[in-house]
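File shown: final-v2.cif (mmCIF, C-alpha atoms).
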```cif
data_input
loop_
_atom_site.label_atom_id
_atom_site.label_comp_id
_atom_site.auth_asym_id
_atom_site.auth_seq_id
_atom_site.Cartn_x
_atom_site.Cartn_y
_atom_site.Cartn_z
CA MET C 17 25.89 24.62 3.29
CA LEU C 18 23.06 22.35 2.20
CA SER C 19 22.15 19.39 4.37
CA LYS C 20 23.29 15.98 3.21
CA ARG C 21 20.54 13.44 2.49
CA LEU C 22 20.04 9.86 3.56
CA ILE C 23 18.17 7.88 0.90
CA ALA C 24 16.91 4.31 1.12
CA CYS C 25 16.72 2.20 -2.02
CA LEU C 26 13.94 -0.31 -2.63
CA ASP C 27 14.89 -2.73 -5.40
CA VAL C 28 11.63 -4.42 -6.43
CA ARG C 29 11.23 -7.61 -8.45
CA ASP C 30 7.80 -9.11 -9.16
CA GLY C 31 6.32 -6.85 -6.49
CA HIS C 32 8.73 -8.01 -3.77
CA LEU C 33 11.62 -6.19 -2.13
CA ALA C 34 14.82 -7.78 -3.47
CA LYS C 35 18.55 -7.56 -2.83
CA SER C 36 21.57 -8.75 -4.76
CA VAL C 37 25.37 -8.71 -4.50
CA LYS C 38 27.13 -7.11 -7.48
CA PHE C 39 23.81 -7.36 -9.36
CA VAL C 40 23.64 -11.17 -9.12
CA ASP C 41 22.20 -13.73 -6.66
CA THR C 42 19.06 -11.63 -6.26
CA ARG C 43 16.75 -12.73 -3.43
CA ASN C 44 13.32 -11.60 -2.28
CA ILE C 45 13.57 -10.19 1.24
CA GLY C 46 10.26 -8.57 2.11
CA ASP C 47 7.41 -6.19 1.41
CA PRO C 48 8.48 -2.89 -0.21
CA VAL C 49 5.39 -1.01 0.96
CA ALA C 50 5.90 -1.93 4.61
CA LYS C 51 9.59 -1.05 4.45
CA ALA C 52 8.86 2.27 2.79
CA ARG C 53 6.51 3.29 5.58
CA GLU C 54 8.93 2.09 8.28
CA TYR C 55 11.78 4.20 6.90
CA TYR C 56 9.55 7.24 6.36
CA LEU C 57 8.35 7.15 9.96
CA ASP C 58 11.96 6.85 11.15
CA GLY C 59 13.02 10.11 9.50
CA LEU C 60 14.22 9.11 6.02
CA ASP C 61 14.94 12.06 3.71
CA GLU C 62 14.08 10.43 0.40
CA LEU C 63 13.10 7.07 -1.08
CA VAL C 64 14.27 5.50 -4.34
CA PHE C 65 12.26 2.70 -5.93
CA TYR C 66 13.74 0.60 -8.74
CA ASP C 67 11.87 -2.03 -10.74
CA ILE C 68 15.10 -3.95 -11.33
CA THR C 69 13.96 -6.23 -14.16
CA ALA C 70 11.75 -3.85 -16.18
CA SER C 71 14.51 -2.83 -18.62
CA SER C 72 15.98 -6.29 -19.15
CA GLU C 73 12.48 -7.76 -19.64
CA GLY C 74 11.49 -4.97 -22.02
CA ARG C 75 8.38 -3.96 -20.07
CA ARG C 76 7.02 -0.92 -18.28
CA ILE C 77 7.35 -0.38 -14.55
CA ILE C 78 4.84 -1.87 -12.09
CA LEU C 79 2.68 1.18 -11.40
CA ASP C 80 0.45 -0.41 -8.75
CA VAL C 81 3.43 -0.97 -6.43
CA VAL C 82 4.56 2.62 -7.00
CA GLU C 83 1.08 3.85 -6.09
CA ALA C 84 1.01 1.71 -2.95
CA VAL C 85 4.39 3.06 -1.81
CA ALA C 86 3.40 6.67 -2.61
CA GLU C 87 0.33 6.33 -0.41
CA GLN C 88 2.54 5.46 2.58
CA VAL C 89 5.31 8.07 2.40
CA PHE C 90 5.29 11.87 2.37
CA ILE C 91 8.88 12.48 1.37
CA PRO C 92 10.37 12.72 -2.13
CA LEU C 93 9.87 9.44 -4.00
CA SER C 94 12.14 8.74 -6.95
CA VAL C 95 11.25 5.86 -9.27
CA GLY C 96 13.13 4.08 -12.05
CA GLY C 97 13.23 0.92 -14.10
CA GLY C 98 12.07 0.75 -17.69
CA VAL C 99 11.53 4.52 -18.06
CA ALA C 100 12.00 5.17 -21.78
CA SER C 101 9.72 8.09 -22.69
CA VAL C 102 7.86 11.17 -21.53
CA ALA C 103 4.73 9.00 -21.35
CA ASP C 104 6.47 6.67 -18.87
CA ALA C 105 7.63 9.64 -16.81
CA THR C 106 4.14 11.15 -16.81
CA ASP C 107 2.56 7.88 -15.70
CA LEU C 108 5.01 7.63 -12.81
CA ARG C 109 4.30 11.19 -11.74
CA LEU C 110 0.56 10.45 -11.79
CA ALA C 111 1.23 7.33 -9.71
CA GLY C 112 2.89 9.46 -7.02
CA ALA C 113 6.56 9.72 -7.96
CA GLU C 114 8.14 13.14 -7.50
CA LYS C 115 11.25 12.26 -9.51
CA ILE C 116 11.85 9.78 -12.30
CA ASN C 117 15.07 7.85 -12.89
CA VAL C 118 16.33 7.11 -16.37
CA ASN C 119 19.12 4.62 -16.93
CA SER C 120 19.29 1.99 -19.69
CA ALA C 121 16.90 3.78 -22.05
CA ALA C 122 18.89 7.01 -21.72
CA VAL C 123 22.12 5.24 -22.65
CA ARG C 124 20.44 3.84 -25.76
CA ARG C 125 18.75 7.15 -26.62
CA PRO C 126 20.20 10.11 -24.69
CA ALA C 127 17.54 12.51 -26.01
CA VAL C 128 15.07 10.99 -23.54
CA ILE C 129 16.84 12.93 -20.77
CA ALA C 130 16.16 16.28 -22.44
CA GLU C 131 12.62 15.27 -23.39
CA CYS C 132 11.73 14.35 -19.82
CA ALA C 133 13.46 17.44 -18.42
CA ASP C 134 11.42 19.65 -20.74
CA ALA C 135 8.20 17.86 -19.81
CA ILE C 136 8.48 17.58 -16.02
CA GLY C 137 11.40 19.85 -15.06
CA ASP C 138 15.08 19.02 -14.84
CA GLN C 139 14.92 18.98 -11.03
CA ASN C 140 12.65 15.93 -11.34
CA VAL C 141 14.87 13.96 -13.74
CA VAL C 142 17.57 11.73 -12.25
CA LEU C 143 20.20 9.97 -14.35
CA SER C 144 21.07 6.65 -12.75
CA MET C 145 24.43 5.25 -13.78
CA ASP C 146 25.45 1.62 -13.24
CA ILE C 147 29.24 1.57 -13.42
CA ARG C 148 31.96 -1.04 -13.32
CA ARG C 149 35.70 -0.61 -12.91
CA VAL C 150 37.83 -1.40 -16.00
CA GLU C 151 41.42 -0.95 -17.09
CA PRO C 152 41.92 2.69 -18.21
CA SER C 153 42.31 3.01 -21.97
CA ALA C 154 41.96 5.53 -24.76
CA ASP C 155 38.26 4.69 -25.00
CA MET C 156 37.78 4.52 -21.23
CA PRO C 157 40.19 7.10 -19.79
CA SER C 158 38.42 7.33 -16.42
CA GLY C 159 38.81 3.59 -15.80
CA TYR C 160 35.05 3.22 -15.33
CA GLU C 161 32.49 1.89 -17.82
CA ILE C 162 28.72 2.27 -18.10
CA VAL C 163 26.65 -0.92 -18.09
CA ILE C 164 22.90 -1.30 -18.59
CA ASN C 165 20.04 -3.78 -18.14
CA GLY C 166 20.75 -4.31 -14.46
CA GLY C 167 24.49 -4.67 -14.99
CA ARG C 168 24.10 -7.30 -17.70
CA LYS C 169 25.37 -5.37 -20.73
CA PRO C 170 28.62 -3.34 -20.88
CA MET C 171 28.33 -0.39 -23.26
CA GLY C 172 31.91 0.75 -23.93
CA ILE C 173 30.99 4.25 -22.66
CA ASP C 174 33.25 6.13 -20.28
CA ALA C 175 31.41 6.93 -17.05
CA LEU C 176 32.94 10.40 -16.64
CA SER C 177 31.98 11.52 -20.13
CA TRP C 178 28.46 10.10 -19.69
CA ALA C 179 27.98 11.97 -16.41
CA LYS C 180 28.90 15.25 -18.09
CA GLU C 181 26.65 14.51 -21.06
CA GLY C 182 23.75 13.66 -18.75
CA GLU C 183 24.13 16.99 -17.00
CA ARG C 184 24.30 18.83 -20.34
CA LEU C 185 21.10 17.17 -21.52
CA GLY C 186 19.18 18.28 -18.45
CA ALA C 187 19.49 15.69 -15.67
CA GLY C 188 18.99 17.33 -12.29
CA GLU C 189 20.81 14.67 -10.26
CA LEU C 190 23.07 11.66 -10.74
CA VAL C 191 22.88 8.33 -8.95
CA VAL C 192 26.34 6.77 -9.09
CA ASN C 193 26.02 3.04 -8.48
CA SER C 194 29.21 1.01 -8.34
CA ILE C 195 28.61 -2.57 -9.44
CA ASP C 196 31.93 -3.59 -7.89
CA ALA C 197 30.78 -2.38 -4.47
CA ASP C 198 27.06 -3.20 -4.76
CA GLY C 199 25.81 -5.36 -1.91
CA THR C 200 29.30 -6.06 -0.56
CA ARG C 201 28.82 -3.83 2.51
CA GLU C 202 32.53 -3.00 2.34
CA GLY C 203 32.15 0.71 1.61
CA TYR C 204 31.32 2.99 -1.29
CA GLU C 205 33.61 3.44 -4.30
CA LEU C 206 35.04 6.74 -3.06
CA ASN C 207 37.31 7.42 -6.01
CA LEU C 208 34.43 7.07 -8.47
CA THR C 209 32.02 9.18 -6.46
CA ARG C 210 34.60 11.92 -5.84
CA MET C 211 35.61 12.05 -9.50
CA LEU C 212 32.05 12.48 -10.73
CA SER C 213 31.05 14.89 -7.94
CA GLN C 214 33.92 17.17 -8.88
CA ALA C 215 33.12 16.96 -12.60
CA VAL C 216 29.47 18.10 -12.49
CA ARG C 217 27.50 20.90 -10.86
CA ILE C 218 24.38 18.86 -10.08
CA PRO C 219 23.91 16.75 -6.92
CA VAL C 220 25.51 13.30 -6.84
CA ILE C 221 23.99 10.40 -4.91
CA ALA C 222 26.45 7.67 -3.93
CA SER C 223 25.14 4.11 -4.23
CA GLY C 224 26.58 0.65 -3.67
CA GLY C 225 28.60 -0.74 -0.79
CA ALA C 226 27.28 0.79 2.44
CA GLY C 227 27.78 -1.56 5.37
CA LYS C 228 28.42 0.56 8.45
CA PRO C 229 27.81 4.17 9.53
CA ASP C 230 31.37 5.31 8.87
CA HIS C 231 30.97 4.33 5.21
CA LEU C 232 28.28 7.00 4.91
CA TYR C 233 30.51 9.55 6.64
CA ASP C 234 33.38 8.74 4.28
CA VAL C 235 31.37 9.14 1.08
CA LEU C 236 29.65 12.35 2.22
CA THR C 237 32.98 13.92 3.17
CA ASP C 238 35.94 12.38 1.33
CA GLY C 239 33.73 11.14 -1.51
CA LYS C 240 32.13 14.59 -1.97
CA ALA C 241 28.65 13.08 -2.43
CA ASP C 242 25.53 15.14 -1.75
CA ALA C 243 23.56 12.11 -0.58
CA ALA C 244 24.19 8.53 0.48
CA LEU C 245 21.94 5.70 -0.62
CA VAL C 246 21.56 2.67 1.65
CA ALA C 247 19.86 -0.69 1.22
CA SER C 248 21.21 -3.85 2.90
CA MET C 249 22.24 -2.16 6.14
CA VAL C 250 18.67 -1.06 6.86
CA HIS C 251 16.75 -3.81 5.05
CA TYR C 252 18.28 -6.51 7.24
CA GLY C 253 17.73 -4.55 10.46
CA ASP C 254 21.38 -4.00 11.36
CA TYR C 255 20.89 -0.22 11.49
CA THR C 256 17.99 2.21 11.58
CA VAL C 257 17.49 5.37 9.55
CA SER C 258 17.35 7.53 12.67
CA GLY C 259 20.47 5.88 14.08
CA LEU C 260 22.45 6.51 10.90
CA LYS C 261 21.38 10.14 10.75
CA ARG C 262 22.26 10.63 14.42
CA HIS C 263 25.72 9.13 13.83
CA LEU C 264 26.39 11.48 10.93
CA HIS C 265 25.06 14.48 12.85
CA GLU C 266 27.31 13.70 15.81
CA ARG C 267 30.32 13.47 13.48
CA GLY C 268 29.63 16.96 12.16
CA VAL C 269 27.76 16.17 8.93
CA LYS C 270 24.87 18.58 8.40
CA MET C 271 21.70 16.48 8.29
CA ARG C 272 17.97 17.19 8.47
CA MET C 273 17.17 16.02 11.99
CA SER C 274 13.67 15.39 13.34
CA TRP C 275 14.64 16.07 16.96
#
```

Starting from the file, give its structure as structure tokens.
Amino acid sequence: MLSKRLIACLDVRDGHLAKSVKFVDTRNIGDPVAKAREYYLDGLDELVFYDITASSEGRRIILDVVEAVAEQVFIPLSVGGGVASVADATDLRLAGAEKINVNSAAVRRPAVIAECADAIGDQNVVLSMDIRRVEPSADMPSGYEIVINGGRKPMGIDALSWAKEGERLGAGELVVNSIDADGTREGYELNLTRMLSQAVRIPVIASGGAGKPDHLYDVLTDGKADAALVASMVHYGDYTVSGLKRHLHERGVKMRMSW
């Protein structure tokens, strides 16, 4: 059985580490480069960096911040926000990213997933999905809808069908981010994560809602996720990376331990 992964998410706005609740009330909370190094030294498995306003502002990602983070960590670095072409993906790889995340641009033009997978390898292409709960309908049978531009624009696309299409086009991983749970610290959206994990063969990363160690245990077991993404619970100092991994290890979850 493969080890589960603990991933920290750095949402960056104007070069600053930022955090929101349900994608609104975004506040600057620190230095992303310093946090990246802190988590790396504490045993983090992987780091995700999102330029959270690049897509909505119609600009490219801030490469200098990516380069600064990449110089401080020697674990897989996954970067997203405004990635719309192979050229964007290539620039991020040259800046130090191992994986690139596509989200809004892929919803608008799904072929970008296949183009990036062909150019840099499907194992390096991650499809990030921002998802909100809706009333199930003929158009949205799963009861979950894709939204883009940092949660600002609902797309009328069923999340389950989009996950399957992303896999077919060549995505090597999915990040499943529940807008309803984001920043609430009340737990991941287990039904959503489980549904998508069981529908695809590629790894699924659960995102949105982590507030205490047992939330990670729940999503990695009952939620069937391959990795758990955390933000608030480590950014605000309530928990440490090593402490979370130790908790999961002691509860029987296979983790990469540094001791």

Practice task
Tell me which residues the PyMOL selection byres ((chain C and resi 231-247) around 8) grabs here, as a PyMOL selection string.
Solution key: chain C and resi 20-26+203-204+206-207+209-210+213-214+219-224+226-230+248-251+264+267+269

Handout entry: Residues in the PyMOL selection byres ((chain C and resi 106) around 12), expressed as a PyMOL selection string
Key = chain C and resi 79+95+99-105+107-116+131-137+140-141

Practice task
Check which residues satisfy the PyMOL selection byres ((chain C and resi 52) around 9) in the file shown, then give them as a PyMOL selection string.
Solution key: chain C and resi 24+26+47-51+53-57+63+85-86+88-89

Go ahead and find all residues with at least one atom no further than 9 Å from (37.4, -4.7, -16.0) in the file's coordinates, using all atoms listed in the file; report them as a short mmCIF file (atom, residue, chain, number, x, y, z; two decimals) with C-alpha atoms, keeping the file's coordinate frame.
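What landed in out27.cif:
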```cif
data_model
loop_
_atom_site.label_atom_id
_atom_site.label_comp_id
_atom_site.auth_asym_id
_atom_site.auth_seq_id
_atom_site.Cartn_x
_atom_site.Cartn_y
_atom_site.Cartn_z
CA ARG C 148 31.96 -1.04 -13.32
CA ARG C 149 35.70 -0.61 -12.91
CA VAL C 150 37.83 -1.40 -16.00
CA GLU C 151 41.42 -0.95 -17.09
CA PRO C 152 41.92 2.69 -18.21
CA GLY C 159 38.81 3.59 -15.80
CA TYR C 160 35.05 3.22 -15.33
CA GLU C 161 32.49 1.89 -17.82
#
```

What residues have an atom no more than 6 Å from (20.3, 12.1, 9.9) in the file's own frame, counting only C-alpha atoms, and can you write them as a CSV table (one decimal) with C-alpha atoms, in the frame of the given file?
```csv
chain,number,residue,atom,x,y,z
C,261,LYS,CA,21.4,10.1,10.8
C,262,ARG,CA,22.3,10.6,14.4
C,271,MET,CA,21.7,16.5,8.3
C,272,ARG,CA,18.0,17.2,8.5
C,273,MET,CA,17.2,16.0,12.0
```

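Going from CA of Ile162 in chain C over to CA of Ile147 in chain C, you cover 4.8 Å.
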
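Atom to atom, CA of Ala179 in chain C and CA of Leu212 in chain C stand 7.0 Å apart.
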
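As for CA of Asn165 in chain C and CA of Asn117 in chain C, they are spaced 13.7 Å apart.
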
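Closest to Arg168 in chain C among C:Val28, C:Ala84, C:Ala127, C:Ile195 is C:Ile195, based on all atoms listed in the file.
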
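Of the listed residues C:Glu266, C:Asp138, C:Asp146, C:Asp58, the one whose atoms come nearest to Arg184 in chain C is C:Asp138, with distances taken using only C-alpha atoms.
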
Fill in the blank from the handout: Restricting to all atoms listed in the file, whichever of C:Leu208, C:Leu176, C:Met171, C:Ala122 is closest to Asp196 in chain C is C:Leu208

Completion exercise
Using all atoms listed in the file, the shortest atom-to-atom distance to Arg217 in chain C among C:Asp198, C:Leu190, C:Glu205, C:Val64 belongs to C:Leu190

Let me have the centre and edge lengths in Å, one decimal, of the box along x, y and z around every listed atom of range 78-83 of chain C with 4 Å of margin on each side, as lines of an AutoDock Vina configuration file.
```
center_x = 2.6
center_y = 1.0
center_z = -9.1
size_x = 12.4
size_y = 13.7
size_z = 14.0
```

With the input short on atoms, add N, CA and C atoms back to range 95-120 of chain C and write it as a compact mmCIF listing (two decimals), in the frame of the given file.
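The resulting file, rebuild.txt, is reproduced below:
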```
# COMPACT_ATOMS: atom_id res chain seq x y z
N VAL C 95 11.56 7.19 -8.74
CA VAL C 95 11.25 5.86 -9.27
C VAL C 95 11.93 5.63 -10.61
N GLY C 96 12.48 4.44 -10.80
CA GLY C 96 13.13 4.08 -12.05
C GLY C 96 12.96 2.62 -12.38
N GLY C 97 13.34 2.29 -13.61
CA GLY C 97 13.23 0.92 -14.10
C GLY C 97 12.32 0.89 -15.31
N GLY C 98 12.89 0.82 -16.49
CA GLY C 98 12.07 0.75 -17.69
C GLY C 98 11.52 2.08 -18.17
N VAL C 99 12.01 3.21 -17.63
CA VAL C 99 11.53 4.52 -18.06
C VAL C 99 12.21 4.88 -19.38
N ALA C 100 11.42 4.98 -20.45
CA ALA C 100 12.00 5.17 -21.78
C ALA C 100 11.38 6.33 -22.55
N SER C 101 10.42 7.03 -21.95
CA SER C 101 9.72 8.09 -22.69
C SER C 101 9.08 9.08 -21.74
N VAL C 102 8.62 10.18 -22.31
CA VAL C 102 7.86 11.17 -21.53
C VAL C 102 6.58 10.54 -21.01
N ALA C 103 5.96 9.68 -21.79
CA ALA C 103 4.73 9.00 -21.35
C ALA C 103 4.99 8.17 -20.10
N ASP C 104 6.11 7.45 -20.07
CA ASP C 104 6.47 6.67 -18.87
C ASP C 104 6.66 7.59 -17.68
N ALA C 105 7.37 8.69 -17.89
CA ALA C 105 7.63 9.64 -16.81
C ALA C 105 6.33 10.24 -16.29
N THR C 106 5.43 10.57 -17.20
CA THR C 106 4.14 11.15 -16.81
C THR C 106 3.31 10.16 -16.01
N ASP C 107 3.30 8.91 -16.44
CA ASP C 107 2.56 7.88 -15.70
C ASP C 107 3.09 7.72 -14.29
N LEU C 108 4.41 7.77 -14.14
CA LEU C 108 5.01 7.63 -12.81
C LEU C 108 4.66 8.82 -11.93
N ARG C 109 4.68 10.00 -12.51
CA ARG C 109 4.30 11.19 -11.74
C ARG C 109 2.84 11.08 -11.29
N LEU C 110 1.97 10.61 -12.15
CA LEU C 110 0.56 10.45 -11.79
C LEU C 110 0.38 9.36 -10.73
N ALA C 111 1.29 8.40 -10.70
CA ALA C 111 1.23 7.33 -9.71
C ALA C 111 1.78 7.76 -8.35
N GLY C 112 2.41 8.95 -8.30
CA GLY C 112 2.89 9.46 -7.02
C GLY C 112 4.37 9.72 -6.92
N ALA C 113 5.12 9.46 -7.98
CA ALA C 113 6.56 9.72 -7.96
C ALA C 113 6.82 11.21 -8.12
N GLU C 114 7.73 11.75 -7.32
CA GLU C 114 8.14 13.14 -7.50
C GLU C 114 9.23 13.25 -8.56
N LYS C 115 10.15 12.27 -8.55
CA LYS C 115 11.25 12.26 -9.51
C LYS C 115 11.22 10.96 -10.29
N ILE C 116 11.73 11.01 -11.51
CA ILE C 116 11.85 9.78 -12.30
C ILE C 116 13.33 9.54 -12.61
N ASN C 117 13.69 8.26 -12.60
CA ASN C 117 15.07 7.85 -12.89
C ASN C 117 15.15 7.24 -14.27
N VAL C 118 16.06 7.74 -15.08
CA VAL C 118 16.33 7.11 -16.37
C VAL C 118 17.71 6.47 -16.31
N ASN C 119 17.85 5.34 -16.98
CA ASN C 119 19.12 4.62 -16.93
C ASN C 119 19.38 3.97 -18.29
N SER C 120 18.97 2.72 -18.46
CA SER C 120 19.29 1.99 -19.69
C SER C 120 18.75 2.68 -20.94
```
